[in-house]
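Next comes run27.pdb, with PDB, N, CA and C atoms.
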```pdb
ATOM      1  N   MET A 206     -40.884  13.365  68.427
ATOM      2  CA  MET A 206     -39.584  13.779  68.919
ATOM      3  C   MET A 206     -38.715  12.545  69.123
ATOM      4  N   GLU A 207     -37.465  12.646  68.723
ATOM      5  CA  GLU A 207     -36.503  11.565  68.907
ATOM      6  C   GLU A 207     -35.555  11.920  70.047
ATOM      7  N   SER A 208     -34.841  10.923  70.546
ATOM      8  CA  SER A 208     -33.803  11.190  71.545
ATOM      9  C   SER A 208     -32.647  10.231  71.306
ATOM     10  N   LYS A 209     -31.500  10.588  71.857
ATOM     11  CA  LYS A 209     -30.300   9.777  71.703
ATOM     12  C   LYS A 209     -29.445   9.967  72.942
ATOM     13  N   THR A 210     -28.895   8.871  73.453
ATOM     14  CA  THR A 210     -27.910   8.983  74.522
ATOM     15  C   THR A 210     -26.618   9.414  73.863
ATOM     16  N   PHE A 211     -26.104  10.564  74.263
ATOM     17  CA  PHE A 211     -24.945  11.150  73.606
ATOM     18  C   PHE A 211     -23.675  10.490  74.103
ATOM     19  N   GLY A 212     -22.899   9.950  73.199
ATOM     20  CA  GLY A 212     -21.626   9.329  73.534
ATOM     21  C   GLY A 212     -21.089   8.600  72.316
ATOM     22  N   ALA A 213     -19.792   8.395  72.312
ATOM     23  CA  ALA A 213     -19.147   7.752  71.173
ATOM     24  C   ALA A 213     -19.371   6.250  71.213
ATOM     25  N   GLY A 214     -19.487   5.677  70.042
ATOM     26  CA  GLY A 214     -19.618   4.233  69.943
ATOM     27  C   GLY A 214     -19.429   3.789  68.505
ATOM     28  N   THR A 215     -18.896   2.602  68.345
ATOM     29  CA  THR A 215     -18.736   1.997  67.028
ATOM     30  C   THR A 215     -19.362   0.612  67.077
ATOM     31  N   GLN A 216     -19.278  -0.102  66.002
ATOM     32  CA  GLN A 216     -19.918  -1.419  65.943
ATOM     33  C   GLN A 216     -19.411  -2.334  67.049
ATOM     34  N   TYR A 217     -18.095  -2.402  67.251
ATOM     35  CA  TYR A 217     -17.538  -3.324  68.235
ATOM     36  C   TYR A 217     -16.942  -2.637  69.467
ATOM     37  N   ASN A 218     -16.700  -1.346  69.406
ATOM     38  CA  ASN A 218     -16.111  -0.596  70.529
ATOM     39  C   ASN A 218     -14.816  -1.226  71.033
ATOM     40  N   ASP A 219     -13.964  -1.682  70.101
ATOM     41  CA  ASP A 219     -12.680  -2.254  70.502
ATOM     42  C   ASP A 219     -11.840  -1.236  71.275
ATOM     43  N   TRP A 220     -11.920   0.018  70.878
ATOM     44  CA  TRP A 220     -11.200   1.105  71.529
ATOM     45  C   TRP A 220     -12.228   2.148  71.961
ATOM     46  N   LYS A 221     -12.100   2.637  73.185
ATOM     47  CA  LYS A 221     -12.993   3.695  73.674
ATOM     48  C   LYS A 221     -12.147   4.707  74.433
ATOM     49  N   GLY A 222     -12.659   5.929  74.560
ATOM     50  CA  GLY A 222     -11.905   6.942  75.267
ATOM     51  C   GLY A 222     -12.635   8.258  75.352
ATOM     52  N   THR A 223     -11.849   9.319  75.328
ATOM     53  CA  THR A 223     -12.393  10.663  75.444
ATOM     54  C   THR A 223     -11.777  11.561  74.377
ATOM     55  N   VAL A 224     -12.361  12.723  74.212
ATOM     56  CA  VAL A 224     -11.851  13.712  73.266
ATOM     57  C   VAL A 224     -12.045  15.096  73.872
ATOM     58  N   ALA A 225     -11.149  16.008  73.521
ATOM     59  CA  ALA A 225     -11.273  17.401  73.937
ATOM     60  C   ALA A 225     -10.811  18.282  72.780
ATOM     61  N   ALA A 226     -11.420  19.449  72.656
ATOM     62  CA  ALA A 226     -11.057  20.363  71.571
ATOM     63  C   ALA A 226     -11.181  21.798  72.061
ATOM     64  N   ASP A 227     -10.312  22.654  71.546
ATOM     65  CA  ASP A 227     -10.384  24.095  71.808
ATOM     66  C   ASP A 227     -10.960  24.776  70.584
ATOM     67  N   ASP A 228     -11.821  25.770  70.814
ATOM     68  CA  ASP A 228     -12.359  26.551  69.703
ATOM     69  C   ASP A 228     -11.230  27.169  68.889
ATOM     70  N   ALA A 229     -11.488  27.378  67.614
ATOM     71  CA  ALA A 229     -10.533  28.076  66.743
ATOM     72  C   ALA A 229     -10.400  29.521  67.205
ATOM     73  N   GLU A 230      -9.288  30.135  66.857
ATOM     74  CA  GLU A 230      -9.073  31.541  67.178
ATOM     75  C   GLU A 230     -10.136  32.396  66.495
ATOM     76  N   VAL A 231     -10.413  33.540  67.072
ATOM     77  CA  VAL A 231     -11.350  34.482  66.468
ATOM     78  C   VAL A 231     -10.842  34.839  65.076
ATOM     79  N   GLY A 232     -11.734  34.822  64.099
ATOM     80  CA  GLY A 232     -11.368  35.145  62.735
ATOM     81  C   GLY A 232     -10.957  33.943  61.904
ATOM     82  N   ILE A 233     -10.833  32.780  62.547
ATOM     83  CA  ILE A 233     -10.495  31.544  61.835
ATOM     84  C   ILE A 233     -11.791  30.765  61.639
ATOM     85  N   ASP A 234     -11.943  30.145  60.470
ATOM     86  CA  ASP A 234     -13.117  29.317  60.193
ATOM     87  C   ASP A 234     -13.303  28.295  61.310
ATOM     88  N   ASN A 235     -14.486  28.266  61.927
ATOM     89  CA  ASN A 235     -14.729  27.326  63.011
ATOM     90  C   ASN A 235     -15.934  26.432  62.684
ATOM     91  N   ILE A 236     -16.360  25.632  63.643
ATOM     92  CA  ILE A 236     -17.441  24.687  63.414
ATOM     93  C   ILE A 236     -18.757  25.409  63.104
ATOM     94  N   GLU A 237     -18.980  26.561  63.735
ATOM     95  CA  GLU A 237     -20.184  27.340  63.437
ATOM     96  C   GLU A 237     -20.169  27.821  61.986
ATOM     97  N   ASP A 238     -19.015  28.289  61.535
ATOM     98  CA  ASP A 238     -18.889  28.754  60.145
ATOM     99  C   ASP A 238     -19.168  27.614  59.167
ATOM    100  N   LEU A 239     -18.663  26.427  59.472
ATOM    101  CA  LEU A 239     -18.895  25.271  58.609
ATOM    102  C   LEU A 239     -20.393  25.012  58.445
ATOM    103  N   LEU A 240     -21.119  25.033  59.563
ATOM    104  CA  LEU A 240     -22.560  24.763  59.501
ATOM    105  C   LEU A 240     -23.330  25.912  58.855
ATOM    106  N   LYS A 241     -22.900  27.143  59.085
ATOM    107  CA  LYS A 241     -23.558  28.283  58.432
ATOM    108  C   LYS A 241     -23.382  28.219  56.923
ATOM    109  N   LYS A 242     -22.163  27.941  56.470
ATOM    110  CA  LYS A 242     -21.898  27.851  55.026
ATOM    111  C   LYS A 242     -22.686  26.713  54.379
ATOM    112  N   ALA A 243     -22.968  25.666  55.152
ATOM    113  CA  ALA A 243     -23.748  24.536  54.641
ATOM    114  C   ALA A 243     -25.254  24.809  54.718
ATOM    115  N   GLY A 244     -25.624  25.982  55.250
ATOM    116  CA  GLY A 244     -27.039  26.334  55.374
ATOM    117  C   GLY A 244     -27.758  25.580  56.478
ATOM    118  N   LYS A 245     -27.004  25.110  57.475
ATOM    119  CA  LYS A 245     -27.580  24.287  58.547
ATOM    120  C   LYS A 245     -27.695  25.001  59.881
ATOM    121  N   LEU A 246     -27.161  26.221  59.986
ATOM    122  CA  LEU A 246     -27.191  26.962  61.244
ATOM    123  C   LEU A 246     -27.621  28.395  60.963
ATOM    124  N   ALA A 247     -28.706  28.820  61.598
ATOM    125  CA  ALA A 247     -29.241  30.164  61.394
ATOM    126  C   ALA A 247     -28.755  31.103  62.494
ATOM    127  N   THR A 248     -28.823  32.386  62.234
ATOM    128  CA  THR A 248     -28.483  33.406  63.231
ATOM    129  C   THR A 248     -29.361  33.209  64.463
ATOM    130  N   GLY A 249     -28.755  33.275  65.642
ATOM    131  CA  GLY A 249     -29.494  33.109  66.890
ATOM    132  C   GLY A 249     -29.572  31.666  67.372
ATOM    133  N   GLU A 250     -29.070  30.729  66.572
ATOM    134  CA  GLU A 250     -29.056  29.334  66.989
ATOM    135  C   GLU A 250     -27.678  28.980  67.544
ATOM    136  N   THR A 251     -27.626  27.980  68.411
ATOM    137  CA  THR A 251     -26.395  27.595  69.090
ATOM    138  C   THR A 251     -26.142  26.101  68.910
ATOM    139  N   ILE A 252     -24.917  25.746  68.559
ATOM    140  CA  ILE A 252     -24.528  24.331  68.504
ATOM    141  C   ILE A 252     -24.302  23.870  69.940
ATOM    142  N   ILE A 253     -25.022  22.815  70.346
ATOM    143  CA  ILE A 253     -24.854  22.312  71.716
ATOM    144  C   ILE A 253     -24.051  21.015  71.766
ATOM    145  N   ALA A 254     -23.933  20.309  70.639
ATOM    146  CA  ALA A 254     -23.165  19.066  70.607
ATOM    147  C   ALA A 254     -22.846  18.713  69.161
ATOM    148  N   VAL A 255     -21.722  18.025  68.975
ATOM    149  CA  VAL A 255     -21.311  17.595  67.639
ATOM    150  C   VAL A 255     -20.792  16.164  67.732
ATOM    151  N   GLU A 256     -21.190  15.348  66.775
ATOM    152  CA  GLU A 256     -20.718  13.974  66.689
ATOM    153  C   GLU A 256     -20.037  13.792  65.334
ATOM    154  N   PHE A 257     -18.762  13.418  65.345
ATOM    155  CA  PHE A 257     -18.020  13.160  64.113
ATOM    156  C   PHE A 257     -17.952  11.659  63.915
ATOM    157  N   SER A 258     -18.265  11.190  62.712
ATOM    158  CA  SER A 258     -18.227   9.757  62.416
ATOM    159  C   SER A 258     -17.383   9.511  61.176
ATOM    160  N   SER A 259     -16.561   8.478  61.248
ATOM    161  CA  SER A 259     -15.734   8.075  60.128
ATOM    162  C   SER A 259     -15.992   6.606  59.843
ATOM    163  N   MET A 260     -16.359   6.315  58.603
ATOM    164  CA  MET A 260     -16.627   4.951  58.165
ATOM    165  C   MET A 260     -15.811   4.699  56.911
ATOM    166  N   PRO A 261     -15.743   3.466  56.419
ATOM    167  CA  PRO A 261     -14.890   3.188  55.259
ATOM    168  C   PRO A 261     -15.107   4.116  54.054
ATOM    169  N   ASN A 262     -16.324   4.500  53.755
ATOM    170  CA  ASN A 262     -16.561   5.320  52.567
ATOM    171  C   ASN A 262     -17.203   6.667  52.853
ATOM    172  N   ALA A 263     -17.169   7.108  54.103
ATOM    173  CA  ALA A 263     -17.816   8.383  54.421
ATOM    174  C   ALA A 263     -17.308   8.945  55.738
ATOM    175  N   THR A 264     -17.280  10.251  55.827
ATOM    176  CA  THR A 264     -17.070  10.946  57.093
ATOM    177  C   THR A 264     -18.114  12.046  57.150
ATOM    178  N   ASP A 265     -18.699  12.235  58.316
ATOM    179  CA  ASP A 265     -19.699  13.290  58.456
ATOM    180  C   ASP A 265     -19.803  13.715  59.908
ATOM    181  N   ILE A 266     -20.542  14.791  60.104
ATOM    182  CA  ILE A 266     -20.866  15.218  61.457
ATOM    183  C   ILE A 266     -22.379  15.300  61.583
ATOM    184  N   ASP A 267     -22.859  15.003  62.779
ATOM    185  CA  ASP A 267     -24.217  15.315  63.192
ATOM    186  C   ASP A 267     -24.060  16.409  64.230
ATOM    187  N   ALA A 268     -24.759  17.516  64.027
ATOM    188  CA  ALA A 268     -24.711  18.618  64.979
ATOM    189  C   ALA A 268     -26.095  18.792  65.587
ATOM    190  N   TYR A 269     -26.116  19.017  66.871
ATOM    191  CA  TYR A 269     -27.361  19.234  67.597
ATOM    192  C   TYR A 269     -27.454  20.725  67.876
ATOM    193  N   ILE A 270     -28.533  21.331  67.379
ATOM    194  CA  ILE A 270     -28.685  22.787  67.372
ATOM    195  C   ILE A 270     -29.819  23.209  68.306
ATOM    196  N   LEU A 271     -29.562  24.206  69.147
ATOM    197  CA  LEU A 271     -30.570  24.798  70.017
ATOM    198  C   LEU A 271     -31.130  26.042  69.346
ATOM    199  N   LYS A 272     -32.436  26.034  69.095
ATOM    200  CA  LYS A 272     -33.103  27.187  68.483
ATOM    201  C   LYS A 272     -33.468  28.203  69.558
ATOM    202  N   ALA A 273     -33.762  29.412  69.141
ATOM    203  CA  ALA A 273     -34.117  30.495  70.073
ATOM    204  C   ALA A 273     -35.360  30.153  70.898
ATOM    205  N   ASP A 274     -36.256  29.325  70.358
ATOM    206  CA  ASP A 274     -37.482  28.976  71.087
ATOM    207  C   ASP A 274     -37.266  27.843  72.096
ATOM    208  N   GLY A 275     -36.011  27.367  72.237
ATOM    209  CA  GLY A 275     -35.687  26.338  73.217
ATOM    210  C   GLY A 275     -35.767  24.914  72.699
ATOM    211  N   THR A 276     -36.180  24.736  71.459
ATOM    212  CA  THR A 276     -36.226  23.389  70.893
ATOM    213  C   THR A 276     -34.873  23.044  70.272
ATOM    214  N   THR A 277     -34.635  21.767  70.115
ATOM    215  CA  THR A 277     -33.369  21.277  69.575
ATOM    216  C   THR A 277     -33.636  20.430  68.347
ATOM    217  N   TYR A 278     -32.758  20.540  67.354
ATOM    218  CA  TYR A 278     -32.856  19.688  66.174
ATOM    219  C   TYR A 278     -31.470  19.206  65.773
ATOM    220  N   ARG A 279     -31.438  18.170  64.927
ATOM    221  CA  ARG A 279     -30.174  17.585  64.491
ATOM    222  C   ARG A 279     -30.016  17.781  62.994
ATOM    223  N   VAL A 280     -28.777  18.106  62.567
ATOM    224  CA  VAL A 280     -28.450  18.221  61.148
ATOM    225  C   VAL A 280     -27.218  17.383  60.861
ATOM    226  N   SER A 281     -27.060  16.978  59.610
ATOM    227  CA  SER A 281     -25.885  16.216  59.184
ATOM    228  C   SER A 281     -25.184  16.946  58.062
ATOM    229  N   VAL A 282     -23.843  16.895  58.072
ATOM    230  CA  VAL A 282     -23.026  17.525  57.035
ATOM    231  C   VAL A 282     -21.867  16.587  56.722
ATOM    232  N   ASP A 283     -21.625  16.331  55.442
ATOM    233  CA  ASP A 283     -20.461  15.542  55.027
ATOM    234  C   ASP A 283     -19.219  16.422  55.115
ATOM    235  N   VAL A 284     -18.191  15.935  55.805
ATOM    236  CA  VAL A 284     -16.916  16.650  55.915
ATOM    237  C   VAL A 284     -15.793  15.627  55.937
ATOM    238  N   SER A 285     -14.605  16.042  55.541
ATOM    239  CA  SER A 285     -13.441  15.179  55.684
ATOM    240  C   SER A 285     -12.915  15.296  57.116
ATOM    241  N   ALA A 286     -12.123  14.333  57.529
ATOM    242  CA  ALA A 286     -11.513  14.390  58.859
ATOM    243  C   ALA A 286     -10.628  15.625  58.981
ATOM    244  N   ASP A 287      -9.848  15.929  57.939
ATOM    245  CA  ASP A 287      -8.989  17.111  57.966
ATOM    246  C   ASP A 287      -9.805  18.388  58.103
ATOM    247  N   GLU A 288     -10.892  18.484  57.347
ATOM    248  CA  GLU A 288     -11.731  19.690  57.420
ATOM    249  C   GLU A 288     -12.334  19.835  58.810
ATOM    250  N   PHE A 289     -12.834  18.746  59.380
ATOM    251  CA  PHE A 289     -13.427  18.805  60.713
ATOM    252  C   PHE A 289     -12.406  19.265  61.746
ATOM    253  N   MET A 290     -11.243  18.642  61.771
ATOM    254  CA  MET A 290     -10.242  18.992  62.780
ATOM    255  C   MET A 290      -9.685  20.393  62.592
ATOM    256  N   SER A 291      -9.704  20.902  61.361
ATOM    257  CA  SER A 291      -9.199  22.254  61.121
ATOM    258  C   SER A 291     -10.095  23.328  61.725
ATOM    259  N   LYS A 292     -11.274  22.963  62.163
ATOM    260  CA  LYS A 292     -12.224  23.925  62.746
ATOM    261  C   LYS A 292     -11.935  24.193  64.213
ATOM    262  N   PHE A 293     -10.899  23.562  64.754
ATOM    263  CA  PHE A 293     -10.529  23.714  66.161
ATOM    264  C   PHE A 293      -9.062  24.117  66.258
ATOM    265  N   LYS A 294      -8.716  24.850  67.318
ATOM    266  CA  LYS A 294      -7.332  25.267  67.528
ATOM    267  C   LYS A 294      -6.480  24.072  67.956
ATOM    268  N   ARG A 295      -6.990  23.289  68.888
ATOM    269  CA  ARG A 295      -6.308  22.093  69.365
ATOM    270  C   ARG A 295      -7.326  20.959  69.422
ATOM    271  N   PHE A 296      -6.848  19.749  69.194
ATOM    272  CA  PHE A 296      -7.736  18.581  69.203
ATOM    273  C   PHE A 296      -6.972  17.430  69.832
ATOM    274  N   SER A 297      -7.538  16.779  70.848
ATOM    275  CA  SER A 297      -6.868  15.684  71.538
ATOM    276  C   SER A 297      -7.825  14.496  71.669
ATOM    277  N   ILE A 298      -7.343  13.326  71.312
ATOM    278  CA  ILE A 298      -8.126  12.100  71.421
ATOM    279  C   ILE A 298      -7.310  11.090  72.219
ATOM    280  N   THR A 299      -7.938  10.455  73.194
ATOM    281  CA  THR A 299      -7.294   9.362  73.920
ATOM    282  C   THR A 299      -8.207   8.148  73.838
ATOM    283  N   ILE A 300      -7.642   6.990  73.495
ATOM    284  CA  ILE A 300      -8.414   5.755  73.452
ATOM    285  C   ILE A 300      -7.576   4.627  74.031
ATOM    286  N   SER A 301      -8.254   3.679  74.640
ATOM    287  CA  SER A 301      -7.585   2.484  75.150
ATOM    288  C   SER A 301      -8.473   1.279  74.843
ATOM    289  N   ARG A 302      -7.867   0.112  74.844
ATOM    290  CA  ARG A 302      -8.620  -1.115  74.541
ATOM    291  C   ARG A 302      -9.831  -1.219  75.456
ATOM    292  N   GLY A 303     -11.022  -1.227  74.854
ATOM    293  CA  GLY A 303     -12.258  -1.361  75.618
ATOM    294  C   GLY A 303     -12.509  -0.231  76.599
ATOM    295  N   GLY A 304     -11.738   0.872  76.518
ATOM    296  CA  GLY A 304     -11.886   1.994  77.437
ATOM    297  C   GLY A 304     -11.305   1.728  78.811
ATOM    298  N   GLU A 305     -10.496   0.684  78.928
ATOM    299  CA  GLU A 305      -9.964   0.258  80.225
ATOM    300  C   GLU A 305      -9.254   1.378  80.984
ATOM    301  N   TYR A 306      -8.543   2.243  80.279
ATOM    302  CA  TYR A 306      -7.758   3.280  80.952
ATOM    303  C   TYR A 306      -8.417   4.658  80.907
ATOM    304  N   ASP A 307      -9.644   4.744  80.440
ATOM    305  CA  ASP A 307     -10.330   6.037  80.368
ATOM    306  C   ASP A 307     -10.437   6.645  81.766
ATOM    307  N   GLY A 308      -9.799   7.785  81.957
ATOM    308  CA  GLY A 308      -9.813   8.461  83.248
ATOM    309  C   GLY A 308      -8.905   7.844  84.300
ATOM    310  N   GLN A 309      -8.076   6.886  83.913
ATOM    311  CA  GLN A 309      -7.198   6.200  84.859
ATOM    312  C   GLN A 309      -5.746   6.644  84.668
ATOM    313  N   ASP A 310      -4.943   6.472  85.715
ATOM    314  CA  ASP A 310      -3.510   6.719  85.611
ATOM    315  C   ASP A 310      -2.846   5.545  84.905
ATOM    316  N   ILE A 311      -1.858   5.838  84.075
ATOM    317  CA  ILE A 311      -1.050   4.806  83.440
ATOM    318  C   ILE A 311       0.383   4.992  83.921
ATOM    319  N   ASN A 312       0.933   3.979  84.586
ATOM    320  CA  ASN A 312       2.324   4.021  85.035
ATOM    321  C   ASN A 312       3.202   3.475  83.918
ATOM    322  N   PHE A 313       4.314   4.152  83.649
ATOM    323  CA  PHE A 313       5.182   3.736  82.553
ATOM    324  C   PHE A 313       6.598   4.207  82.822
ATOM    325  N   THR A 314       7.538   3.603  82.108
ATOM    326  CA  THR A 314       8.910   4.068  82.134
ATOM    327  C   THR A 314       9.162   4.818  80.838
ATOM    328  N   ARG A 315      10.034   5.759  80.899
ATOM    329  CA  ARG A 315      10.337   6.576  79.729
ATOM    330  C   ARG A 315      11.021   5.734  78.663
ATOM    331  N   GLU A 316      10.580   5.888  77.429
ATOM    332  CA  GLU A 316      11.206   5.182  76.326
ATOM    333  C   GLU A 316      12.579   5.783  76.052
ATOM    334  N   ILE A 317      13.561   4.938  75.916
ATOM    335  CA  ILE A 317      14.914   5.403  75.607
ATOM    336  C   ILE A 317      15.128   5.233  74.112
ATOM    337  N   LYS A 318      15.467   6.328  73.430
ATOM    338  CA  LYS A 318      15.637   6.276  71.976
ATOM    339  C   LYS A 318      17.088   6.216  71.612
TER     340      LYS A 318
END
```

When written as structure tokens, how does the structure in this file appear?
Amino acid sequence: MESKTFGAGTQYNDWKGTVAADDAEVGIDNIEDLLKKAGKLATGETIIAVEFSSMPNATDIDAYILKADGTTYRVSVDVSADEFMSKFKRFSITISRGGEYDGQDINFTREIK
């Protein structure tokens, strides 16, 4: 059995932050549909976590799946960034240099255009 501390990270972690996403509307292709079509998710299984990675020549997801018997396994699927984000109704990413402002207030003045 393998294990992994779940969290985002890159080679240098110059920018770190958080992400939030809303499920797609009912009837719209979602992350479960993507994995089912790829033959990676069976009926009765539940996606418990997803990791999206983008590198110079590849983008993919690793999905962590909970089986009905309580065990968990990991699968990988190649997807484009556009395809991945289209599986959610809303998608928000916040990053700051070294994660300095993650969860912190930022005081600012309104930009005048």

| Got a sec to resolve the PyMOL selection byres ((chain A and resi 302) around 6.5) on this structure and send the residues as a VMD selection string? | chain A and resid 219 to 221 300 to 301 303 to 306

| Long-range neighbours of Phe296 in chain A as a list in words, 7 Å cut-off, all atoms listed in the file, 5 positions minimum in chain |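 Once the adjacent positions are removed, what remains is Val224, Ala225, Ala226, Asp227 and Met290 of chain A.
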
| message | Need to verify the contact set: Leu240 in chain A, 8 Å, all atoms listed in the file, exclusion of same-chain residues closer than 6 positions in sequence. Can you return it as an NGL selection string? | response | :A and (246-247 or 282)

| Counting only N, CA and C atoms, the option among A:Phe313, A:Tyr217, A:Tyr278, A:Phe293 closest to Glu230 in chain A |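 Nearest to Glu230 in chain A: A:Phe293.
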
| message | Would you pick out the contacts of Gly275 in chain A at 12 Å or less, using only C-alpha atoms, so that residues sharing its chain but fewer than 4 positions from it are not included, and give the list as a PyMOL selection string? | response | chain A and resi 249-251+253+270-271

| request: Name the residues of range 228-312 of chain A that fall into alpha helix (DSSP H) according to DSSP on the backbone, using the chain letters and numbers of this document, as a PyMOL selection string. | output: chain A and resi 236-242+286-290

Padding 5 Å on every side, please: axis-aligned box over the listed atoms of range 269-276 of chain A, centre and edge lengths to one decimal in Å, as JSON.
```
{"center_x": -31.8, "center_y": 24.8, "center_z": 70.0, "size_x": 21.4, "size_y": 21.5, "size_z": 16.3}
```

Which of range 206-302 of chain A DSSP labels strand (DSSP E), written as a tab-separated table (two decimals) with N, CA and C atoms, keeping the file's coordinate frame:
```
chain	number	residue	atom	x	y	z
A	220	TRP	N	-11.92	0.02	70.88
A	220	TRP	CA	-11.20	1.10	71.53
A	220	TRP	C	-12.23	2.15	71.96
A	221	LYS	N	-12.10	2.64	73.18
A	221	LYS	CA	-12.99	3.70	73.67
A	221	LYS	C	-12.15	4.71	74.43
A	222	GLY	N	-12.66	5.93	74.56
A	222	GLY	CA	-11.90	6.94	75.27
A	222	GLY	C	-12.64	8.26	75.35
A	223	THR	N	-11.85	9.32	75.33
A	223	THR	CA	-12.39	10.66	75.44
A	223	THR	C	-11.78	11.56	74.38
A	224	VAL	N	-12.36	12.72	74.21
A	224	VAL	CA	-11.85	13.71	73.27
A	224	VAL	C	-12.04	15.10	73.87
A	225	ALA	N	-11.15	16.01	73.52
A	225	ALA	CA	-11.27	17.40	73.94
A	225	ALA	C	-10.81	18.28	72.78
A	226	ALA	N	-11.42	19.45	72.66
A	226	ALA	CA	-11.06	20.36	71.57
A	226	ALA	C	-11.18	21.80	72.06
A	227	ASP	N	-10.31	22.65	71.55
A	227	ASP	CA	-10.38	24.10	71.81
A	227	ASP	C	-10.96	24.78	70.58
A	228	ASP	N	-11.82	25.77	70.81
A	228	ASP	CA	-12.36	26.55	69.70
A	228	ASP	C	-11.23	27.17	68.89
A	251	THR	N	-27.63	27.98	68.41
A	251	THR	CA	-26.40	27.60	69.09
A	251	THR	C	-26.14	26.10	68.91
A	252	ILE	N	-24.92	25.75	68.56
A	252	ILE	CA	-24.53	24.33	68.50
A	252	ILE	C	-24.30	23.87	69.94
A	253	ILE	N	-25.02	22.82	70.35
A	253	ILE	CA	-24.85	22.31	71.72
A	253	ILE	C	-24.05	21.02	71.77
A	254	ALA	N	-23.93	20.31	70.64
A	254	ALA	CA	-23.16	19.07	70.61
A	254	ALA	C	-22.85	18.71	69.16
A	255	VAL	N	-21.72	18.02	68.97
A	255	VAL	CA	-21.31	17.60	67.64
A	255	VAL	C	-20.79	16.16	67.73
A	256	GLU	N	-21.19	15.35	66.78
A	256	GLU	CA	-20.72	13.97	66.69
A	256	GLU	C	-20.04	13.79	65.33
A	257	PHE	N	-18.76	13.42	65.34
A	257	PHE	CA	-18.02	13.16	64.11
A	257	PHE	C	-17.95	11.66	63.92
A	258	SER	N	-18.26	11.19	62.71
A	258	SER	CA	-18.23	9.76	62.42
A	258	SER	C	-17.38	9.51	61.18
A	259	SER	N	-16.56	8.48	61.25
A	259	SER	CA	-15.73	8.07	60.13
A	259	SER	C	-15.99	6.61	59.84
A	260	MET	N	-16.36	6.32	58.60
A	260	MET	CA	-16.63	4.95	58.16
A	260	MET	C	-15.81	4.70	56.91
A	263	ALA	N	-17.17	7.11	54.10
A	263	ALA	CA	-17.82	8.38	54.42
A	263	ALA	C	-17.31	8.94	55.74
A	264	THR	N	-17.28	10.25	55.83
A	264	THR	CA	-17.07	10.95	57.09
A	264	THR	C	-18.11	12.05	57.15
A	265	ASP	N	-18.70	12.24	58.32
A	265	ASP	CA	-19.70	13.29	58.46
A	265	ASP	C	-19.80	13.72	59.91
A	266	ILE	N	-20.54	14.79	60.10
A	266	ILE	CA	-20.87	15.22	61.46
A	266	ILE	C	-22.38	15.30	61.58
A	267	ASP	N	-22.86	15.00	62.78
A	267	ASP	CA	-24.22	15.32	63.19
A	267	ASP	C	-24.06	16.41	64.23
A	268	ALA	N	-24.76	17.52	64.03
A	268	ALA	CA	-24.71	18.62	64.98
A	268	ALA	C	-26.10	18.79	65.59
A	269	TYR	N	-26.12	19.02	66.87
A	269	TYR	CA	-27.36	19.23	67.60
A	269	TYR	C	-27.45	20.72	67.88
A	270	ILE	N	-28.53	21.33	67.38
A	270	ILE	CA	-28.68	22.79	67.37
A	270	ILE	C	-29.82	23.21	68.31
A	271	LEU	N	-29.56	24.21	69.15
A	271	LEU	CA	-30.57	24.80	70.02
A	271	LEU	C	-31.13	26.04	69.35
A	277	THR	N	-34.64	21.77	70.11
A	277	THR	CA	-33.37	21.28	69.58
A	277	THR	C	-33.64	20.43	68.35
A	278	TYR	N	-32.76	20.54	67.35
A	278	TYR	CA	-32.86	19.69	66.17
A	278	TYR	C	-31.47	19.21	65.77
A	279	ARG	N	-31.44	18.17	64.93
A	279	ARG	CA	-30.17	17.58	64.49
A	279	ARG	C	-30.02	17.78	62.99
A	280	VAL	N	-28.78	18.11	62.57
A	280	VAL	CA	-28.45	18.22	61.15
A	280	VAL	C	-27.22	17.38	60.86
A	281	SER	N	-27.06	16.98	59.61
A	281	SER	CA	-25.88	16.22	59.18
A	281	SER	C	-25.18	16.95	58.06
A	282	VAL	N	-23.84	16.90	58.07
A	282	VAL	CA	-23.03	17.52	57.04
A	282	VAL	C	-21.87	16.59	56.72
A	283	ASP	N	-21.62	16.33	55.44
A	283	ASP	CA	-20.46	15.54	55.03
A	283	ASP	C	-19.22	16.42	55.12
A	293	PHE	N	-10.90	23.56	64.75
A	293	PHE	CA	-10.53	23.71	66.16
A	293	PHE	C	-9.06	24.12	66.26
A	294	LYS	N	-8.72	24.85	67.32
A	294	LYS	CA	-7.33	25.27	67.53
A	294	LYS	C	-6.48	24.07	67.96
A	295	ARG	N	-6.99	23.29	68.89
A	295	ARG	CA	-6.31	22.09	69.36
A	295	ARG	C	-7.33	20.96	69.42
A	296	PHE	N	-6.85	19.75	69.19
A	296	PHE	CA	-7.74	18.58	69.20
A	296	PHE	C	-6.97	17.43	69.83
A	297	SER	N	-7.54	16.78	70.85
A	297	SER	CA	-6.87	15.68	71.54
A	297	SER	C	-7.82	14.50	71.67
A	298	ILE	N	-7.34	13.33	71.31
A	298	ILE	CA	-8.13	12.10	71.42
A	298	ILE	C	-7.31	11.09	72.22
A	299	THR	N	-7.94	10.46	73.19
A	299	THR	CA	-7.29	9.36	73.92
A	299	THR	C	-8.21	8.15	73.84
A	300	ILE	N	-7.64	6.99	73.50
A	300	ILE	CA	-8.41	5.76	73.45
A	300	ILE	C	-7.58	4.63	74.03
A	301	SER	N	-8.25	3.68	74.64
A	301	SER	CA	-7.58	2.48	75.15
A	301	SER	C	-8.47	1.28	74.84
A	302	ARG	N	-7.87	0.11	74.84
A	302	ARG	CA	-8.62	-1.12	74.54
A	302	ARG	C	-9.83	-1.22	75.46
```

| request: Please measure the separation of atom N of Asp228 in chain A and CA of Phe289 in chain A, giving the value in Å to one decimal. | output: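 Interatomic distance here is 12.4 Å.
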
| query | When you draw a straight line from CA of Ile266 in chain A to atom N of Glu288 in chain A, how long is it in Å? | reply | 11.3 Å
